[in-house]
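Participant: Take this structure first; my questions come after.
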Amino acid sequence: IGEEFPSKWEFVPFIEQGITNFARVDICNVGGFTEAMKVAGWCEAHYIDMMPHNPLGPISTAANLHLAAAVPNYAWLEERAQDYVFGPEVFPEQPRIDGTQFPLPEGPGLGVEFNEEAASASFEFWESPHLHRRDGSLTNY
């Protein structure tokens, strides 16, 4: 519950009614570190673990690693193979999984480097699929 929630307020009924075991906060959707930390605090007070949604690449992954280091109830991080979209030519310095864990970035800021020249050379507009449910309504990709 929560990967599409745009603010901490969307989490309130699920946390306070105890109808979730994990908060799937997306640090990029919820309003950044401040809002994610507030969700984490509410969850901790209700014995709910954090299991963030992380589909957006190396910057999101690095932000989530810093969030993980800052809250006691961080359980799991969703991870996708990043190199097929965001290779080392675009992000020469990015979080790399080591076995089953990510080392915490130690560089300045989030610990990610971005090569604008490489990104602009390989940029191509893309629109995600428009998926439909059986009843015809749209669903997310």
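Residue numbering restarts at 1 in every chain; chains get A, B, ... in the order shown in the structure tokens, and ligands count up from 1 in that same order.
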Give me the residues within 12 Å of Ile19 (chain A) as a list in words, counting only C-alpha atoms and dropping any in the same chain fewer than 4 places off.
Facilitator: Ile1, Phe11, Val12, Pro13, Phe14, Ile15, Ala23, Cys43, His46, Tyr47 and Ile48 of chain A
Participant: Would you list the contacts of region 52-66 of chain A as a PyMOL selection string, taking every protein, DNA or RNA residue within 6 Å and counting only C-alpha atoms, but skipping same-chain residues closer than 6 positions in sequence?
Facilitator: chain A and resi 3+24-26+77-78+94+110
Participant: Rank A:Asp135, A:Glu113, A:Asp98, A:Glu44 by their smallest atom-to-atom distance to Gly18 (chain A), using only C-alpha atoms, and report the top residue only.
Facilitator: A:Glu44
Participant: Excluding Asn140 (chain A) and residues on its chain fewer than 4 positions from it, collect all residues at most 10 Å away from it, counting only C-alpha atoms, and give them as a list in words.
Facilitator: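 Contacts, with the query itself left out: Glu4, Ser128, Pro129, His130, Leu131, His132 and Arg133 of chain A.
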Participant: Could you give me the residues within chain A that DSSP places in helix (DSSP H, G or I), as a VMD selection string?
Facilitator: chain A and resid 8 to 16 27 to 30 32 to 45 58 to 70 116 to 122
Participant: With C-alpha atoms kept, could you save the residues just selected as an mmCIF file, in the first residue's frame?
Facilitator:
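Result file out_20.cif:
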```
data_model
loop_
_atom_site.group_PDB
_atom_site.id
_atom_site.type_symbol
_atom_site.label_atom_id
_atom_site.label_comp_id
_atom_site.auth_asym_id
_atom_site.auth_seq_id
_atom_site.Cartn_x
_atom_site.Cartn_y
_atom_site.Cartn_z
ATOM 1 C CA LYS A 8 1.811 11.403 3.945
ATOM 2 C CA TRP A 9 -1.911 11.935 4.459
ATOM 3 C CA GLU A 10 -2.815 9.124 2.073
ATOM 4 C CA PHE A 11 -1.109 6.654 4.439
ATOM 5 C CA VAL A 12 -3.061 7.675 7.555
ATOM 6 C CA PRO A 13 -6.101 5.354 7.311
ATOM 7 C CA PHE A 14 -3.970 2.335 6.437
ATOM 8 C CA ILE A 15 -1.527 2.967 9.272
ATOM 9 C CA GLU A 16 -4.029 3.953 11.955
ATOM 10 C CA ILE A 27 10.282 8.857 -1.992
ATOM 11 C CA CYS A 28 9.950 10.461 -5.449
ATOM 12 C CA ASN A 29 6.125 10.598 -5.296
ATOM 13 C CA VAL A 30 5.465 11.331 -1.639
ATOM 14 C CA GLY A 32 10.967 13.661 -0.764
ATOM 15 C CA PHE A 33 12.882 12.843 2.386
ATOM 16 C CA THR A 34 10.827 14.972 4.777
ATOM 17 C CA GLU A 35 7.495 13.382 3.909
ATOM 18 C CA ALA A 36 9.007 9.885 3.703
ATOM 19 C CA MET A 37 10.524 10.342 7.172
ATOM 20 C CA LYS A 38 7.126 11.372 8.550
ATOM 21 C CA VAL A 39 5.516 8.264 7.068
ATOM 22 C CA ALA A 40 8.334 6.166 8.543
ATOM 23 C CA GLY A 41 7.748 7.694 11.980
ATOM 24 C CA TRP A 42 4.010 6.975 11.912
ATOM 25 C CA CYS A 43 4.726 3.461 10.730
ATOM 26 C CA GLU A 44 7.297 2.860 13.449
ATOM 27 C CA ALA A 45 4.787 3.937 16.114
ATOM 28 C CA PRO A 58 19.923 5.135 -9.564
ATOM 29 C CA ILE A 59 19.002 8.506 -8.026
ATOM 30 C CA SER A 60 15.875 7.026 -6.430
ATOM 31 C CA THR A 61 17.883 4.009 -5.259
ATOM 32 C CA ALA A 62 20.541 6.227 -3.668
ATOM 33 C CA ALA A 63 17.873 8.338 -1.942
ATOM 34 C CA ASN A 64 16.250 5.172 -0.600
ATOM 35 C CA LEU A 65 19.570 3.898 0.734
ATOM 36 C CA HIS A 66 19.984 7.098 2.726
ATOM 37 C CA LEU A 67 16.398 6.780 3.991
ATOM 38 C CA ALA A 68 17.154 3.189 5.019
ATOM 39 C CA ALA A 69 20.138 4.359 7.051
ATOM 40 C CA ALA A 70 17.989 6.950 8.824
ATOM 41 C CA GLU A 116 24.702 14.876 -19.074
ATOM 42 C CA GLU A 117 26.555 14.462 -22.355
ATOM 43 C CA ALA A 118 25.995 10.700 -22.439
ATOM 44 C CA ALA A 119 22.362 11.136 -21.425
ATOM 45 C CA SER A 120 21.618 13.676 -24.142
ATOM 46 C CA ALA A 121 23.278 11.512 -26.800
ATOM 47 C CA SER A 122 21.098 8.517 -26.001
#
```
Participant: In Å to one decimal, how far is CA of Glu89 (chain A) from CA of Phe114 (chain A)?
Facilitator: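 So the answer is 8.7 Å.
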Participant: Could you tell me how far CA of Pro108 (chain A) lies from CA of Pro95 (chain A), in Å and to one decimal?
Facilitator: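 Interatomic distance, CA of Pro108 (chain A) to CA of Pro95 (chain A): 13.2 Å.
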Participant: Determine the nearest neighbour of Phe91 (chain A) from the options A:Gly31, A:Asn21, A:Glu127, A:Asn115, counting only C-alpha atoms.
Facilitator: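 That would be A:Asn115, the residue with the smallest distance to Phe91 (chain A).
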Participant: Based on DSSP run over this structure's backbone, return all residues of region 31-137 of chain A in strand (DSSP E), as a list of chain:residue names.
Facilitator: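 Reading the DSSP output for region 31-137 of chain A, strand (DSSP E) covers A:Asp49, A:Met50, A:Leu131, A:His132.
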Participant: Kindly export the residues of the current selection with C-alpha atoms, as a PDB file, in the first residue's frame.
Facilitator:
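Okay, this is what ended up in selection_34.pdb:
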```pdb
ATOM      1  CA  ASP A  49       7.829  -1.774   8.324  1.00  0.00           C
ATOM      2  CA  MET A  50       8.926   0.355   5.402  1.00  0.00           C
ATOM      3  CA  LEU A 131      -2.715  -0.898 -19.703  1.00  0.00           C
ATOM      4  CA  HIS A 132      -6.387  -1.703 -19.204  1.00  0.00           C
TER       5      HIS A 132
END
```
Participant: Take CA of Leu138 (chain A) and CA of Glu124 (chain A) and report the distance between them in Å, one decimal.
Facilitator: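 Between CA of Leu138 (chain A) and CA of Glu124 (chain A) the gap is 24.8 Å.
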Participant: Have a look at A:Tyr74, A:Thr139, A:Thr100, A:Pro88 and name the one nearest to Val112 (chain A); count only C-alpha atoms.
Facilitator: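 The shortest atom-to-atom distance to Val112 (chain A) comes from A:Pro88.
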